[in-house]
file final17.txt (compact mmCIF, C-alpha atoms and all ligand atoms)
# COMPACT_ATOMS: atom_id res chain seq x y z
CA MET A 1 -77.19 -0.04 -74.59
CA PRO A 2 -79.29 2.00 -72.11
CA LYS A 3 -82.27 0.11 -70.63
CA ASN A 4 -84.98 2.39 -72.11
CA LYS A 5 -83.43 1.99 -75.59
CA ILE A 6 -83.57 -1.80 -75.23
CA SER A 7 -87.26 -1.66 -74.28
CA LYS A 8 -88.04 0.76 -77.15
CA ASN A 9 -86.36 -1.67 -79.55
CA TRP A 10 -88.43 -4.48 -78.06
CA ILE A 11 -91.69 -2.51 -78.48
CA ASN A 12 -90.84 -1.66 -82.12
CA LYS A 13 -89.99 -5.29 -82.82
CA GLN A 14 -93.30 -6.43 -81.30
CA ARG A 15 -95.22 -3.93 -83.50
CA ARG A 16 -93.57 -5.26 -86.65
CA ASP A 17 -94.00 -8.90 -85.65
CA LEU A 18 -96.57 -10.71 -87.79
CA TYR A 19 -97.30 -13.29 -85.08
CA VAL A 20 -98.01 -10.60 -82.48
CA ARG A 21 -100.53 -9.02 -84.85
CA MET A 22 -102.09 -12.37 -85.70
CA SER A 23 -102.42 -13.35 -82.03
CA LYS A 24 -104.22 -10.07 -81.25
CA LYS A 25 -106.54 -10.54 -84.22
CA GLU A 26 -107.40 -14.13 -83.26
CA GLY A 27 -107.90 -13.31 -79.57
CA TYR A 28 -104.86 -15.14 -78.18
CA ARG A 29 -102.93 -13.77 -75.23
CA SER A 30 -99.48 -14.40 -76.69
CA ARG A 31 -97.69 -14.99 -79.99
CA ALA A 32 -96.44 -18.25 -78.41
CA VAL A 33 -99.66 -19.89 -79.59
CA PHE A 34 -98.31 -20.07 -83.15
CA LYS A 35 -95.37 -22.21 -82.03
CA LEU A 36 -97.79 -24.69 -80.48
CA LYS A 37 -100.02 -24.58 -83.57
CA GLU A 38 -97.06 -25.55 -85.78
CA ILE A 39 -96.01 -28.31 -83.37
CA ASP A 40 -99.58 -29.61 -83.39
CA GLU A 41 -99.82 -29.51 -87.19
CA LYS A 42 -96.61 -31.55 -87.44
CA TYR A 43 -97.01 -33.99 -84.53
CA LYS A 44 -100.84 -34.19 -84.11
CA ILE A 45 -101.00 -33.57 -80.38
CA PHE A 46 -104.65 -32.72 -79.76
CA LYS A 47 -107.61 -35.10 -79.90
CA ASN A 48 -111.06 -34.90 -78.39
CA GLY A 49 -111.46 -36.40 -74.93
CA ILE A 50 -107.81 -36.20 -73.87
CA SER A 51 -106.41 -34.96 -70.56
CA LEU A 52 -103.64 -32.36 -70.72
CA ILE A 53 -101.34 -30.42 -68.38
CA ASP A 54 -99.96 -27.03 -69.47
CA LEU A 55 -96.87 -26.16 -67.39
CA GLY A 56 -95.79 -22.51 -67.36
CA ALA A 57 -99.12 -21.53 -68.87
CA ALA A 58 -99.33 -17.74 -68.25
CA PRO A 59 -100.56 -15.59 -69.85
CA GLY A 60 -102.46 -18.51 -71.38
CA SER A 61 -102.32 -18.76 -75.17
CA TRP A 62 -101.33 -22.45 -75.19
CA SER A 63 -104.20 -23.29 -72.84
CA GLN A 64 -106.59 -21.19 -74.97
CA TYR A 65 -105.50 -23.17 -78.03
CA ALA A 66 -105.78 -26.52 -76.20
CA ALA A 67 -109.27 -25.61 -74.94
CA LYS A 68 -110.34 -24.84 -78.51
CA LYS A 69 -108.91 -28.03 -79.98
CA ILE A 70 -109.99 -30.52 -77.28
CA LYS A 71 -113.69 -31.25 -76.89
CA ASN A 72 -114.81 -33.14 -73.76
CA GLY A 73 -111.29 -33.22 -72.35
CA LYS A 74 -109.67 -32.21 -69.08
CA ILE A 75 -107.10 -29.40 -69.09
CA LEU A 76 -105.06 -28.08 -66.17
CA SER A 77 -102.87 -24.98 -66.46
CA ILE A 78 -100.23 -24.08 -63.86
CA ASP A 79 -97.94 -21.07 -63.53
CA THR A 80 -96.28 -19.11 -60.75
CA GLN A 81 -98.12 -16.11 -62.24
CA HIS A 82 -101.87 -15.59 -62.21
CA ILE A 83 -103.63 -16.85 -65.37
CA GLU A 84 -106.89 -15.18 -66.39
CA GLN A 85 -109.70 -17.75 -66.48
CA ILE A 86 -110.00 -19.79 -69.69
CA GLU A 87 -113.21 -21.68 -70.35
CA ASN A 88 -112.98 -25.45 -69.82
CA THR A 89 -109.60 -25.32 -68.08
CA PHE A 90 -108.60 -25.51 -64.41
CA GLN A 91 -105.93 -23.10 -63.17
CA ILE A 92 -103.36 -23.44 -60.40
CA VAL A 93 -101.01 -20.66 -59.32
CA GLY A 94 -97.81 -22.19 -57.98
CA ASP A 95 -94.30 -23.44 -58.61
CA PHE A 96 -94.56 -26.66 -60.59
CA THR A 97 -91.25 -27.98 -59.20
CA ASP A 98 -92.72 -27.96 -55.68
CA THR A 99 -93.98 -31.48 -54.87
CA SER A 100 -97.06 -30.13 -53.11
CA TYR A 101 -98.20 -28.63 -56.44
CA GLN A 102 -97.32 -31.83 -58.28
CA ASN A 103 -99.55 -33.66 -55.78
CA LYS A 104 -102.37 -31.17 -56.45
CA ILE A 105 -102.07 -31.94 -60.16
CA LYS A 106 -102.17 -35.71 -59.50
CA ASN A 107 -105.21 -35.30 -57.25
CA TYR A 108 -107.02 -33.29 -59.89
CA PHE A 109 -106.62 -35.94 -62.58
CA LYS A 110 -106.71 -39.09 -60.38
CA ASN A 111 -105.61 -41.06 -63.49
CA LYS A 112 -102.69 -40.73 -65.89
CA VAL A 113 -102.82 -37.96 -68.51
CA ASP A 114 -102.39 -38.00 -72.29
CA VAL A 115 -100.34 -34.86 -72.96
CA ILE A 116 -97.91 -32.71 -70.99
CA LEU A 117 -96.93 -29.34 -72.47
CA SER A 118 -94.24 -27.17 -70.96
CA ASP A 119 -93.39 -23.70 -72.17
CA MET A 120 -91.78 -22.95 -68.78
CA ALA A 121 -88.91 -20.50 -68.89
CA ALA A 122 -86.91 -19.35 -65.91
CA ASN A 123 -86.61 -15.61 -65.28
CA THR A 124 -83.80 -14.27 -67.44
CA THR A 125 -80.65 -13.09 -65.68
CA GLY A 126 -78.94 -11.60 -68.75
CA ASN A 127 -76.42 -14.45 -68.64
CA LYS A 128 -77.36 -16.83 -71.51
CA TYR A 129 -75.43 -19.75 -69.96
CA VAL A 130 -77.24 -19.45 -66.61
CA ASP A 131 -80.62 -18.96 -68.33
CA SER A 132 -80.19 -22.03 -70.49
CA ILE A 133 -79.26 -24.14 -67.43
CA SER A 134 -82.23 -22.89 -65.35
CA THR A 135 -84.77 -23.43 -68.13
CA GLY A 136 -83.14 -26.81 -68.83
CA GLU A 137 -83.69 -27.79 -65.20
CA LEU A 138 -87.39 -26.95 -65.55
CA CYS A 139 -87.61 -29.19 -68.61
CA ILE A 140 -85.84 -32.03 -66.79
CA SER A 141 -88.23 -31.81 -63.84
CA ALA A 142 -91.14 -31.89 -66.30
CA ILE A 143 -89.70 -35.09 -67.85
CA GLU A 144 -89.31 -36.62 -64.36
CA PHE A 145 -92.93 -35.74 -63.61
CA SER A 146 -94.00 -37.35 -66.92
CA ARG A 147 -92.63 -40.67 -65.68
CA GLU A 148 -95.15 -40.49 -62.83
CA ILE A 149 -98.24 -39.15 -64.54
CA LEU A 150 -98.09 -39.57 -68.33
CA ASN A 151 -99.88 -42.46 -70.07
CA SER A 152 -97.51 -45.00 -71.62
CA LYS A 153 -98.54 -43.75 -75.09
CA GLY A 154 -98.58 -40.10 -74.00
CA ILE A 155 -96.96 -37.07 -75.62
CA PHE A 156 -94.56 -34.64 -73.95
CA VAL A 157 -93.68 -31.27 -75.50
CA SER A 158 -91.26 -28.83 -73.90
CA LYS A 159 -89.43 -25.64 -74.65
CA ILE A 160 -85.65 -26.03 -74.53
CA PHE A 161 -82.72 -23.75 -75.23
CA MET A 162 -79.98 -25.05 -77.49
CA GLY A 163 -77.17 -24.48 -75.02
CA ALA A 164 -75.43 -25.81 -71.94
CA ALA A 165 -78.32 -28.00 -70.75
CA PHE A 166 -79.16 -29.59 -74.12
CA ASN A 167 -77.17 -32.86 -73.68
CA ASP A 168 -78.59 -33.43 -70.18
CA ILE A 169 -82.14 -32.90 -71.46
CA VAL A 170 -81.68 -35.36 -74.33
CA LYS A 171 -80.12 -37.90 -71.93
CA GLU A 172 -83.10 -37.59 -69.56
CA ALA A 173 -85.56 -37.81 -72.47
CA LYS A 174 -83.83 -40.90 -73.91
CA SER A 175 -84.04 -42.66 -70.56
CA THR A 176 -87.79 -41.91 -70.38
CA PHE A 177 -89.27 -42.02 -73.92
CA LYS A 178 -88.99 -44.24 -77.00
CA GLU A 179 -89.31 -41.42 -79.55
CA ILE A 180 -87.64 -38.02 -79.36
CA ARG A 181 -87.68 -35.16 -81.87
CA ILE A 182 -86.25 -31.65 -81.75
CA TYR A 183 -88.19 -29.04 -83.71
CA LYS A 184 -87.94 -25.26 -84.09
CA PRO A 185 -91.22 -23.77 -85.37
CA GLN A 186 -91.14 -20.82 -87.78
CA ALA A 187 -92.86 -18.70 -85.11
CA SER A 188 -89.88 -19.16 -82.77
CA ARG A 189 -87.66 -16.13 -83.35
CA LYS A 190 -84.64 -16.99 -85.51
CA GLU A 191 -82.21 -15.14 -83.28
CA SER A 192 -83.40 -17.09 -80.22
CA LYS A 193 -81.81 -20.36 -79.13
CA GLU A 194 -85.28 -21.62 -78.30
CA SER A 195 -86.41 -24.93 -79.72
CA PHE A 196 -88.84 -27.68 -78.65
CA ILE A 197 -88.44 -31.31 -77.70
CA ILE A 198 -91.33 -33.62 -78.61
CA CYS A 199 -91.33 -37.06 -76.98
CA LYS A 200 -93.71 -40.01 -77.27
CA ASN A 201 -94.26 -43.38 -75.64
CA ILE A 202 -92.85 -43.89 -72.16
CA LEU A 203 -90.21 -46.63 -71.99
C1 LIG B 301 -92.94 -18.21 -72.12
S1 LIG B 301 -94.03 -18.10 -70.77
C2 LIG B 301 -95.33 -19.20 -71.23
C3 LIG B 301 -96.25 -18.67 -72.30
C4 LIG B 301 -97.48 -19.54 -72.46
N1 LIG B 301 -97.15 -20.80 -73.09
C5 LIG B 301 -98.54 -18.89 -73.31
O1 LIG B 301 -98.81 -19.39 -74.38
O2 LIG B 301 -99.13 -17.90 -72.87
C6 LIG B 301 -93.16 -19.00 -69.55
C7 LIG B 301 -93.89 -19.13 -68.23
O3 LIG B 301 -93.23 -20.10 -67.40
C8 LIG B 301 -93.57 -19.78 -66.06
N2 LIG B 301 -92.74 -20.53 -65.13
C9 LIG B 301 -91.41 -20.45 -64.96
N3 LIG B 301 -91.01 -21.26 -63.96
C10 LIG B 301 -92.12 -21.90 -63.50
C11 LIG B 301 -92.35 -22.87 -62.47
N4 LIG B 301 -91.35 -23.34 -61.74
N5 LIG B 301 -93.62 -23.30 -62.27
C12 LIG B 301 -94.64 -22.81 -63.01
N6 LIG B 301 -94.48 -21.88 -64.00
C13 LIG B 301 -93.24 -21.43 -64.24
C14 LIG B 301 -93.36 -18.26 -66.03
O4 LIG B 301 -94.03 -17.68 -64.94
C15 LIG B 301 -93.93 -17.84 -67.39
O5 LIG B 301 -95.26 -17.39 -67.28
call {"tool": "encode", "arguments": {"input": "final17.txt", "output": "structure tokens", "more": "lines below"}}
Ligand SMILES: C[S@@+](CC[C@H](N)C(=O)[O-])C[C@H]1O[C@@H](n2cnc3c(N)ncnc32)[C@H](O)[C@@H]1O
result
Amino acid sequence: MPKNKISKNWINKQRRDLYVRMSKKEGYRSRAVFKLKEIDEKYKIFKNGISLIDLGAAPGSWSQYAAKKIKNGKILSIDTQHIEQIENTFQIVGDFTDTSYQNKIKNYFKNKVDVILSDMAANTTGNKYVDSISTGELCISAIEFSREILNSKGIFVSKIFMGAAFNDIVKEAKSTFKEIRIYKPQASRKESKESFIICKNIL
């Protein structure tokens, strides 16, 4: 299909999409917020006073939602892309997998954190196999980072793609956390292989 036809299809799909309309109405920067909302309703992630890291946060709807739900907490959002300021959150522009940025995160919190969210997705190449591996690698580095900075009773939530990297992600999660769940929210497009892994309690 020609490239401009693909983008026209995408624009039409966005216009029809209920979650896109709802996100605009409610002032969120992305429809992705409704996936997090469903995850939160099911797994009770947010509480007042908690500290939270949002990995791959741009354009910022997850951080907007976290900032609304958490009173008197500490929220850090990081992305390789610029994130417009969100009240009561601290933003870093940088590659999360780079240890210098991981050190910046550790320095910001000083102590362990309660929740790590990752909606990180690698740039798509058009090859689903390659894309699933690259996004899987991001999830695995987020799990490795959790071992260093997440409270023993902390919660880890990450986007995954049901594909080539799935077994490696589950293996890494099982060697790090006591409880692991896989959940696909309604707001995650049916045709997408996207799902989420929710982990609790560091081993
Ligand atoms: C699906 S978007 C996140 C949407 C976001 N949760 C929201 O609600 O607005 C995925 C993001 O992951 C970011 N990303 C990918 N690799 C990254 C990395 N290594 N470090 C930081 N961010 C990364 C991308 O720049 C992109 O903005």
call {"tool": "closest_residue", "arguments": {"input": "final17.txt", "among": "A:Phe145, A:Phe156, A:Asn9, A:Lys193", "to": "A:Tyr43", "atoms": "only C-alpha atoms"}}
result
A:Phe156
call {"tool": "atom_distance", "arguments": {"input": "final17.txt", "atom1": "atom CA of A:Ile149", "atom2": "atom CA of A:Tyr108"}}
result
11.5 Å
call {"tool": "closest_atom_pairs", "arguments": {"input": "final17.txt", "of": "chain A", "to": "ligand LIG 301 (chain B)", "cutoff": "9 Å", "atoms": "only C-alpha atoms and all ligand atoms", "output": "tab-separated table"}}
result
residue	atom	partner	partner_atom	distance
A:Tyr28	CA	B:LIG301	O2	8.3
A:Arg29	CA	B:LIG301	O2	6.1
A:Ser30	CA	B:LIG301	O2	5.2
A:Arg31	CA	B:LIG301	O1	7.2
A:Ala32	CA	B:LIG301	O1	4.8
A:Val33	CA	B:LIG301	O1	5.3
A:Phe34	CA	B:LIG301	O1	8.8
A:Lys35	CA	B:LIG301	O1	8.8
A:Leu36	CA	B:LIG301	O1	8.1
A:Asp54	CA	B:LIG301	N1	7.7
A:Leu55	CA	B:LIG301	C12	5.9
A:Gly56	CA	B:LIG301	O3	3.5
A:Ala57	CA	B:LIG301	C4	4.4
A:Ala58	CA	B:LIG301	O5	4.2
A:Pro59	CA	B:LIG301	O2	4.1
A:Gly60	CA	B:LIG301	O2	3.7
A:Ser61	CA	B:LIG301	O1	3.7
A:Trp62	CA	B:LIG301	O1	4.0
A:Ser63	CA	B:LIG301	O1	6.8
A:Gln64	CA	B:LIG301	O1	8.0
A:Tyr65	CA	B:LIG301	O1	8.5
A:Ile78	CA	B:LIG301	C12	5.8
A:Asp79	CA	B:LIG301	N6	3.6
A:Thr80	CA	B:LIG301	N6	4.6
A:Gln81	CA	B:LIG301	O4	5.1
A:His82	CA	B:LIG301	O5	8.5
A:Ile83	CA	B:LIG301	O5	8.6
A:Val93	CA	B:LIG301	C12	7.7
A:Gly94	CA	B:LIG301	C12	6.0
A:Asp95	CA	B:LIG301	N5	3.7
A:Phe96	CA	B:LIG301	N5	3.9
A:Thr97	CA	B:LIG301	N4	5.3
A:Asp98	CA	B:LIG301	N4	7.7
A:Leu117	CA	B:LIG301	N1	8.6
A:Ser118	CA	B:LIG301	N1	7.3
A:Asp119	CA	B:LIG301	N1	4.8
A:Met120	CA	B:LIG301	O3	3.5
A:Ala121	CA	B:LIG301	C6	4.6
A:Ala122	CA	B:LIG301	C9	4.7
A:Asn123	CA	B:LIG301	C9	6.8
A:Thr135	CA	B:LIG301	N3	7.8
A:Leu138	CA	B:LIG301	N4	6.6
A:Lys159	CA	B:LIG301	C1	8.6
call {"tool": "atom_distance", "arguments": {"input": "final17.txt", "atom1": "atom CA of A:Asn72", "atom2": "atom CA of A:Asn48"}}
result
6.2 Å
call {"tool": "closest_residue", "arguments": {"input": "final17.txt", "among": "A:Lys47, A:Lys71, A:Lys153, A:Lys200", "to": "A:Ala173", "atoms": "all atoms listed in the file"}}
result
A:Lys200
call {"tool": "closest_residue", "arguments": {"input": "final17.txt", "among": "A:Ile50, A:Leu203, A:Glu179, A:Ile39", "to": "A:Ser158", "atoms": "all atoms listed in the file"}}
result
A:Ile39
call {"tool": "closest_residue", "arguments": {"input": "final17.txt", "among": "A:Glu194, A:Glu41, A:Glu172, A:Glu84", "to": "A:Lys128", "atoms": "all atoms listed in the file"}}
result
A:Glu194
call {"tool": "axis_aligned_box", "arguments": {"input": "final17.txt", "around": "stretch 110-121 of chain A", "padding_each_side": "8 Å", "output": "AutoDock Vina command-line options"}}
result
--center_x -97.8 --center_y -30.8 --center_z -66.7 --size_x 33.8 --size_y 36.6 --size_z 28.6
call {"tool": "atom_distance", "arguments": {"input": "final17.txt", "atom1": "atom CA of A:Thr89", "atom2": "atom CA of A:Lys69"}}
result
12.2 Å
call {"tool": "closest_residue", "arguments": {"input": "final17.txt", "among": "A:Ala187, A:Leu76, A:Ile202, A:Ile143", "to": "A:Asp17", "atoms": "all atoms listed in the file"}}
result
A:Ala187
call {"tool": "closest_residue", "arguments": {"input": "final17.txt", "among": "A:Ile105, A:Ile70, A:Ile182, A:Met162", "to": "A:Glu148", "atoms": "all atoms listed in the file"}}
result
A:Ile105
call {"tool": "residues_around", "arguments": {"input": "final17.txt", "residues": "A:Lys184", "least_positions_apart": "3", "cutoff": "7 Å", "atoms": "only C-alpha atoms", "output": "list of chain:residue names"}}
result
A:Ser188, A:Ser195, A:Phe196
call {"tool": "write_last_selection", "arguments": {"input": "final17.txt", "atoms": "C-alpha atoms", "output": "PDB file, in the coordinates of the input"}}
result
ATOM      1  CA  SER A 188     -89.880 -19.160 -82.770  1.00  0.00           C
ATOM      2  CA  SER A 195     -86.410 -24.930 -79.720  1.00  0.00           C
ATOM      3  CA  PHE A 196     -88.840 -27.680 -78.650  1.00  0.00           C
TER       4      PHE A 196
END
call {"tool": "decode", "arguments": {"input": "final17.txt", "residues": "stretch 61-74 of chain A", "atoms": "C-alpha atoms", "output": "compact mmCIF listing (two decimals), in the first residue's frame"}}
result
# COMPACT_ATOMS: atom_id res chain seq x y z
CA SER A 61 -0.50 10.82 29.41
CA TRP A 62 0.66 8.17 31.91
CA SER A 63 2.55 10.79 33.92
CA GLN A 64 -0.50 13.12 33.76
CA TYR A 65 -2.64 10.30 35.15
CA ALA A 66 -0.08 9.42 37.85
CA ALA A 67 0.18 13.09 38.89
CA LYS A 68 -3.61 13.24 39.26
CA LYS A 69 -3.85 10.02 41.27
CA ILE A 70 -0.86 10.49 43.60
CA LYS A 71 -1.02 13.25 46.21
CA ASN A 72 2.21 14.18 48.02
CA GLY A 73 4.25 11.73 45.97
CA LYS A 74 7.39 11.94 43.86
